[in-house]
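Asks: Contents of coords.cif (mmCIF, C-alpha atoms) are given next:
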data_target
#
loop_
_atom_site.group_PDB
_atom_site.id
_atom_site.type_symbol
_atom_site.label_atom_id
_atom_site.label_comp_id
_atom_site.auth_asym_id
_atom_site.auth_seq_id
_atom_site.Cartn_x
_atom_site.Cartn_y
_atom_site.Cartn_z
ATOM 1 C CA VAL A 1 0.709 -17.178 7.935
ATOM 2 C CA GLY A 2 2.552 -14.097 6.794
ATOM 3 C CA GLY A 3 4.725 -12.161 9.223
ATOM 4 C CA GLY A 4 5.369 -8.490 8.502
ATOM 5 C CA HIS A 5 8.520 -6.972 9.973
ATOM 6 C CA LYS A 6 11.351 -4.489 9.394
ATOM 7 C CA ALA A 7 14.197 -6.456 10.950
ATOM 8 C CA THR A 8 16.784 -4.910 8.654
ATOM 9 C CA VAL A 9 16.577 -1.533 10.377
ATOM 10 C CA TRP A 10 15.037 -2.157 13.785
ATOM 11 C CA GLU A 11 16.006 -4.558 16.581
ATOM 12 C CA PRO A 12 12.597 -5.579 18.102
ATOM 13 C CA PRO A 13 11.367 -7.356 14.948
ATOM 14 C CA ARG A 14 14.379 -9.665 15.106
ATOM 15 C CA LEU A 15 13.165 -11.016 18.450
ATOM 16 C CA TRP A 16 9.616 -11.182 17.063
ATOM 17 C CA ARG A 17 10.846 -13.345 14.179
ATOM 18 C CA GLU A 18 12.744 -15.649 16.535
ATOM 19 C CA VAL A 19 9.665 -16.135 18.715
ATOM 20 C CA SER A 20 7.470 -16.661 15.642
ATOM 21 C CA ARG A 21 9.783 -19.416 14.425
ATOM 22 C CA GLU A 22 9.642 -21.109 17.834
ATOM 23 C CA VAL A 23 5.832 -20.956 17.965
ATOM 24 C CA ALA A 24 5.611 -22.202 14.367
ATOM 25 C CA LYS A 25 7.285 -25.454 15.413
ATOM 26 C CA ASP A 26 4.100 -26.306 17.320
ATOM 27 C CA TYR A 27 2.066 -25.945 14.105
ATOM 28 C CA PRO A 28 3.878 -27.916 11.400
ATOM 29 C CA ASP A 29 0.834 -27.868 9.104
ATOM 30 C CA VAL A 30 0.917 -24.041 8.948
ATOM 31 C CA GLU A 31 3.362 -22.396 6.570
ATOM 32 C CA LEU A 32 5.177 -19.364 8.021
ATOM 33 C CA GLU A 33 6.530 -16.794 5.602
ATOM 34 C CA PHE A 34 8.209 -13.514 6.579
ATOM 35 C CA MET A 35 8.223 -10.377 4.489
ATOM 36 C CA TYR A 36 9.252 -6.788 5.039
ATOM 37 C CA VAL A 37 6.309 -4.694 6.130
ATOM 38 C CA ASP A 38 6.626 -2.237 3.225
ATOM 39 C CA ASN A 39 6.429 -5.171 0.801
ATOM 40 C CA ALA A 40 3.497 -6.586 2.787
ATOM 41 C CA ALA A 41 1.630 -3.280 2.346
ATOM 42 C CA MET A 42 2.116 -3.462 -1.409
ATOM 43 C CA GLN A 43 1.242 -7.169 -1.615
ATOM 44 C CA ILE A 44 -1.918 -6.875 0.481
ATOM 45 C CA ILE A 45 -3.252 -4.273 -1.946
ATOM 46 C CA GLN A 46 -2.113 -6.011 -5.133
ATOM 47 C CA LYS A 47 -2.932 -9.612 -4.127
ATOM 48 C CA PRO A 48 -5.143 -9.634 -1.021
ATOM 49 C CA SER A 49 -6.242 -13.231 -1.609
ATOM 50 C CA ALA A 50 -2.643 -14.358 -1.066
ATOM 51 C CA PHE A 51 -3.108 -13.679 2.665
ATOM 52 C CA ASP A 52 -5.064 -15.955 4.959
ATOM 53 C CA VAL A 53 -3.504 -14.550 8.125
ATOM 54 C CA LEU A 54 -1.031 -11.731 8.596
ATOM 55 C CA VAL A 55 0.657 -11.445 11.969
ATOM 56 C CA THR A 56 2.811 -8.525 12.989
ATOM 57 C CA GLU A 57 3.505 -6.251 15.917
ATOM 58 C CA ASN A 58 1.055 -3.489 16.795
ATOM 59 C CA MET A 59 2.528 -0.504 14.911
ATOM 60 C CA PHE A 60 2.978 -2.416 11.665
ATOM 61 C CA GLY A 61 -0.446 -4.005 12.106
ATOM 62 C CA ASP A 62 -1.959 -0.539 12.393
ATOM 63 C CA ILE A 63 -0.215 0.607 9.218
ATOM 64 C CA LEU A 64 -1.166 -2.538 7.286
ATOM 65 C CA SER A 65 -4.804 -2.393 8.353
ATOM 66 C CA ASP A 66 -4.986 1.209 7.171
ATOM 67 C CA ALA A 67 -3.447 0.209 3.844
ATOM 68 C CA ALA A 68 -5.846 -2.738 3.534
ATOM 69 C CA SER A 69 -8.822 -0.446 4.128
ATOM 70 C CA VAL A 70 -8.695 0.607 0.483
ATOM 71 C CA LEU A 71 -9.908 -2.873 -0.483
ATOM 72 C CA PRO A 72 -13.473 -2.568 0.878
ATOM 73 C CA GLY A 73 -13.426 1.204 0.383
ATOM 74 C CA SER A 74 -13.263 2.565 3.922
ATOM 75 C CA LEU A 75 -11.791 2.000 7.372
ATOM 76 C CA GLY A 76 -15.432 2.231 8.452
ATOM 77 C CA LEU A 77 -15.922 -1.345 7.215
ATOM 78 C CA MET A 78 -12.882 -2.861 8.928
ATOM 79 C CA PRO A 79 -13.442 -4.637 12.249
ATOM 80 C CA SER A 80 -10.429 -5.517 14.338
ATOM 81 C CA ALA A 81 -9.545 -8.000 17.047
ATOM 82 C CA SER A 82 -6.460 -8.344 19.207
ATOM 83 C CA LEU A 83 -6.652 -11.922 20.442
ATOM 84 C CA GLY A 84 -4.562 -12.729 23.497
ATOM 85 C CA ASP A 85 -4.226 -15.934 25.468
ATOM 86 C CA THR A 86 -7.023 -15.003 27.882
ATOM 87 C CA VAL A 87 -8.049 -11.430 27.087
ATOM 88 C CA HIS A 88 -9.299 -10.211 23.715
ATOM 89 C CA MET A 89 -9.966 -6.658 22.565
ATOM 90 C CA TYR A 90 -12.316 -5.693 19.733
ATOM 91 C CA GLU A 91 -12.538 -2.312 18.042
ATOM 92 C CA PRO A 92 -13.011 -0.764 14.628
ATOM 93 C CA SER A 93 -9.731 -0.438 12.736
ATOM 94 C CA GLY A 94 -10.302 3.286 12.408
ATOM 95 C CA GLY A 95 -10.355 3.715 16.178
ATOM 96 C CA SER A 96 -12.722 6.072 17.958
ATOM 97 C CA ALA A 97 -12.601 8.907 15.349
ATOM 98 C CA PRO A 98 -12.774 11.743 17.918
ATOM 99 C CA ASP A 99 -12.657 14.353 15.136
ATOM 100 C CA ILE A 100 -16.166 13.374 14.018
ATOM 101 C CA ALA A 101 -17.625 12.368 17.387
ATOM 102 C CA GLY A 102 -21.224 13.526 17.847
ATOM 103 C CA LYS A 103 -21.669 14.628 14.232
ATOM 104 C CA GLY A 104 -23.627 11.548 13.114
ATOM 105 C CA VAL A 105 -21.293 10.902 10.192
ATOM 106 C CA ALA A 106 -19.217 7.978 11.482
ATOM 107 C CA ASN A 107 -19.711 4.645 9.780
ATOM 108 C CA PRO A 108 -20.848 2.215 12.541
ATOM 109 C CA ILE A 109 -20.304 -0.933 10.469
ATOM 110 C CA ALA A 110 -16.759 -1.670 11.716
ATOM 111 C CA GLN A 111 -17.916 -1.355 15.323
ATOM 112 C CA ILE A 112 -20.910 -3.596 14.674
ATOM 113 C CA LEU A 113 -18.715 -6.186 12.942
ATOM 114 C CA SER A 114 -16.213 -5.969 15.818
ATOM 115 C CA GLY A 115 -19.116 -6.944 18.066
ATOM 116 C CA ALA A 116 -19.809 -9.912 15.803
ATOM 117 C CA MET A 117 -16.166 -10.937 16.119
ATOM 118 C CA MET A 118 -16.479 -10.701 19.910
ATOM 119 C CA LEU A 119 -19.506 -12.986 19.853
ATOM 120 C CA ARG A 120 -17.644 -15.475 17.651
ATOM 121 C CA TYR A 121 -14.228 -15.544 19.341
ATOM 122 C CA SER A 122 -14.902 -14.664 22.984
ATOM 123 C CA PHE A 123 -18.290 -16.299 23.458
ATOM 124 C CA GLN A 124 -18.375 -18.981 20.714
ATOM 125 C CA MET A 125 -21.730 -17.602 19.516
ATOM 126 C CA GLU A 126 -21.283 -18.392 15.819
ATOM 127 C CA THR A 127 -24.981 -18.244 14.916
ATOM 128 C CA GLU A 128 -25.390 -14.777 16.427
ATOM 129 C CA ALA A 129 -22.168 -13.488 14.845
ATOM 130 C CA ALA A 130 -23.251 -14.761 11.425
ATOM 131 C CA ALA A 131 -26.677 -13.130 11.873
ATOM 132 C CA ILE A 132 -25.056 -9.756 12.541
ATOM 133 C CA GLU A 133 -22.783 -10.142 9.511
ATOM 134 C CA ALA A 134 -25.768 -11.041 7.327
ATOM 135 C CA ALA A 135 -27.706 -8.019 8.628
ATOM 136 C CA VAL A 136 -24.771 -5.746 7.808
ATOM 137 C CA GLU A 137 -24.552 -7.220 4.313
ATOM 138 C CA THR A 138 -28.291 -6.632 3.812
ATOM 139 C CA VAL A 139 -27.962 -2.980 4.821
ATOM 140 C CA LEU A 140 -24.926 -2.374 2.609
ATOM 141 C CA LYS A 141 -26.657 -3.964 -0.376
ATOM 142 C CA SER A 142 -29.729 -1.806 0.279
ATOM 143 C CA GLY A 143 -27.671 1.309 -0.397
ATOM 144 C CA LYS A 144 -28.075 2.838 3.073
ATOM 145 C CA LEU A 145 -24.522 4.134 3.304
ATOM 146 C CA THR A 146 -22.586 6.673 5.321
ATOM 147 C CA GLY A 147 -20.669 9.361 3.453
ATOM 148 C CA ASP A 148 -17.336 7.524 3.547
ATOM 149 C CA LEU A 149 -18.805 4.952 1.157
ATOM 150 C CA MET A 150 -20.367 7.383 -1.301
ATOM 151 C CA GLU A 151 -19.060 9.265 -4.278
ATOM 152 C CA ALA A 152 -18.328 12.915 -3.573
ATOM 153 C CA ASP A 153 -21.286 14.218 -5.595
ATOM 154 C CA LYS A 154 -23.738 11.941 -3.701
ATOM 155 C CA LYS A 155 -22.626 12.557 -0.114
ATOM 156 C CA ASP A 156 -25.628 14.823 0.527
ATOM 157 C CA ALA A 157 -27.778 11.671 0.481
ATOM 158 C CA ALA A 158 -25.570 9.884 3.021
ATOM 159 C CA ALA A 159 -27.233 8.114 5.917
ATOM 160 C CA LYS A 160 -26.399 9.206 9.456
ATOM 161 C CA THR A 161 -24.636 6.896 11.905
ATOM 162 C CA ALA A 162 -27.830 6.118 13.820
ATOM 163 C CA GLU A 163 -29.778 5.433 10.625
ATOM 164 C CA VAL A 164 -27.291 2.769 9.559
ATOM 165 C CA GLY A 165 -27.245 1.267 13.052
ATOM 166 C CA ASP A 166 -31.056 1.231 13.132
ATOM 167 C CA ALA A 167 -31.130 -0.423 9.694
ATOM 168 C CA VAL A 168 -28.802 -3.185 10.903
ATOM 169 C CA CYS A 169 -31.029 -3.740 13.957
ATOM 170 C CA ALA A 170 -34.091 -3.880 11.711
ATOM 171 C CA ALA A 171 -32.375 -6.376 9.399
ATOM 172 C CA LEU A 172 -31.572 -8.524 12.447
ATOM 173 C CA SER A 173 -35.224 -8.461 13.473
ATOM 174 C CA GLY A 174 -36.325 -9.630 10.048
ATOM 175 C CA PRO A 175 -39.286 -8.489 7.955
#
In structure tokens, write the structure found in this file.

Replies:
Amino acid sequence: VGGGHKATVWEPPRLWREVSREVAKDYPDVELEFMYVDNAAMQIIQKPSAFDVLVTENMFGDILSDAASVLPGSLGLMPSASLGDTVHMYEPSGGSAPDIAGKGVANPIAQILSGAMMLRYSFQMETEAAAIEAAVETVLKSGKLTGDLMEADKKDAAAKTAEVGDAVCAALSGP
């Protein structure tokens, strides 16, 4: 588990590190490694496979998830979960994108995958979550893409939000 922080210049991360060390004692088989958040941003882009789990406070998590979005090519592919002790929240990493609301250009994949995460972690519905993920993969491989995933000269052929959502539903239904 990697812990991103900026304890050298800001007081709250010092407490976060102390608490992380205390919690880590309950999980001796899990290695805890701290790194400065600016280094974490660079490392996650250069060596993403070096991270199994990255835990940080909300602001740094938001920054790191935005930085990590370059790996799949768009924030529109990045689901997100905030897992608490009893309450969990699921949302696309890109948020609600109010600037493009109602235009039919938003990539729905992150929201759909956030739903799959909800099924998996809140309801222990692994089979259903995996089916949604497989349907998304089928649609992406088919080339039905929103504009955020297309080269600039091909964006005129981009699928609309509803078209991608409908394609995922169709892939879930099977042939």

Asks: Identify all residues satisfying the PyMOL selection byres ((chain A and resi 160) around 10) in the given file; provide them as JSON, numbers by chain.

Replies: {"A": [103, 104, 105, 106, 107, 108, 144, 145, 146, 147, 157, 158, 159, 161, 162, 163, 164, 165, 166]}

Asks: Would you kindly translate the PyMOL selection byres ((chain A and resi 64) around 9) into the concrete residues it picks from this file, as JSON, numbers by chain?

Replies: {"A": [4, 37, 38, 40, 41, 44, 59, 60, 61, 62, 63, 65, 66, 67, 68, 69]}

Asks: Can you turn the PyMOL selection byres ((chain A and resi 30) around 12) into a concrete residue list for this file, as JSON, numbers by chain?

Replies: {"A": [1, 2, 20, 21, 23, 24, 25, 26, 27, 28, 29, 31, 32, 33, 52, 53]}

Asks: Could you tell me how far CA of Met78 in chain A lies from CA of Ala110 in chain A, in Å and to one decimal?

Replies: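 Separation of CA of Met78 in chain A and CA of Ala110 in chain A: 4.9 Å.
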
Asks: Using only C-alpha atoms for the distances, tell me which of A:Ala129, A:Met150, A:Ser82, A:Ile100 is nearest to Ile112 in chain A.

Replies: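 Closest to Ile112 in chain A, using only C-alpha atoms: A:Ala129.
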
Asks: Which one of A:Lys154, A:Arg120, A:Lys47, A:Arg14 sits closest to Glu133 in chain A if you count all atoms listed in the file?

Replies: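 The shortest atom-to-atom distance to Glu133 in chain A comes from A:Arg120.
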
Asks: Enumerate, as an mmCIF file with C-alpha atoms, in the coordinates of the input, the protein, DNA and RNA residues whose atoms approach (-31.5, -5.3, 15.2) to within 12 Å, taking into account all atoms listed in the file and the coordinate frame of the file.

Replies:
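Dumped everything to out-v4.cif:
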data_model
loop_
_atom_site.group_PDB
_atom_site.id
_atom_site.type_symbol
_atom_site.label_atom_id
_atom_site.label_comp_id
_atom_site.auth_asym_id
_atom_site.auth_seq_id
_atom_site.Cartn_x
_atom_site.Cartn_y
_atom_site.Cartn_z
ATOM 1 C CA ILE A 112 -20.910 -3.596 14.674
ATOM 2 C CA GLU A 128 -25.390 -14.777 16.427
ATOM 3 C CA ALA A 131 -26.677 -13.130 11.873
ATOM 4 C CA ILE A 132 -25.056 -9.756 12.541
ATOM 5 C CA GLU A 133 -22.783 -10.142 9.511
ATOM 6 C CA ALA A 134 -25.768 -11.041 7.327
ATOM 7 C CA ALA A 135 -27.706 -8.019 8.628
ATOM 8 C CA VAL A 136 -24.771 -5.746 7.808
ATOM 9 C CA THR A 138 -28.291 -6.632 3.812
ATOM 10 C CA VAL A 139 -27.962 -2.980 4.821
ATOM 11 C CA GLU A 163 -29.778 5.433 10.625
ATOM 12 C CA VAL A 164 -27.291 2.769 9.559
ATOM 13 C CA GLY A 165 -27.245 1.267 13.052
ATOM 14 C CA ASP A 166 -31.056 1.231 13.132
ATOM 15 C CA ALA A 167 -31.130 -0.423 9.694
ATOM 16 C CA VAL A 168 -28.802 -3.185 10.903
ATOM 17 C CA CYS A 169 -31.029 -3.740 13.957
ATOM 18 C CA ALA A 170 -34.091 -3.880 11.711
ATOM 19 C CA ALA A 171 -32.375 -6.376 9.399
ATOM 20 C CA LEU A 172 -31.572 -8.524 12.447
ATOM 21 C CA SER A 173 -35.224 -8.461 13.473
ATOM 22 C CA GLY A 174 -36.325 -9.630 10.048
ATOM 23 C CA PRO A 175 -39.286 -8.489 7.955
#

Asks: For a quick check of understanding, using all atoms listed in the file, which of A:Glu91, A:Ile109, A:Ser142, A:Leu71 has the smallest distance to Ser49 in chain A?

Replies: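 Answer, going by the shortest atom-to-atom distance: A:Leu71.
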
Asks: Work out how far CA of Gly115 in chain A is from CA of Pro79 in chain A, in Å to one decimal.

Replies: 8.4 Å

Asks: Taking (-16.6, 6.1, 1.0) as a centre in this file's frame and 7 Å as the limit, can you find every polymer residue with an atom that close, using only C-alpha atoms, and give them as a PyMOL selection string?

Replies: chain A and resi 73-74+147-151

Asks: Compare A:Lys141, A:Phe123, A:Met42, A:Pro72 by their minimum atom-to-atom distance to His88 in chain A, counting all atoms listed in the file, and give me the closest one.

Replies: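 Going through A:Lys141, A:Phe123, A:Met42, A:Pro72 one by one, the smallest distance to His88 in chain A is for A:Phe123.
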
Asks: Quick one: pull the distance between CA of Val87 in chain A and CA of Glu126 in chain A, Å, one decimal.

Replies: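 Between CA of Val87 in chain A and CA of Glu126 in chain A the gap works out to 18.7 Å.
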
Asks: Which of these residues is nearest to Pro92 in chain A, using all atoms listed in the file: A:Leu15, A:Ile45, A:Val70, A:Ala116?

Replies: A:Ala116

Asks: Looking at only C-alpha atoms, which of A:Gly76, A:Tyr36, A:Thr56, A:Met89 is the one that sits closest to Tyr121 in chain A?

Replies: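 Of A:Gly76, A:Tyr36, A:Thr56, A:Met89, the one nearest Tyr121 in chain A is A:Met89, counting only C-alpha atoms.
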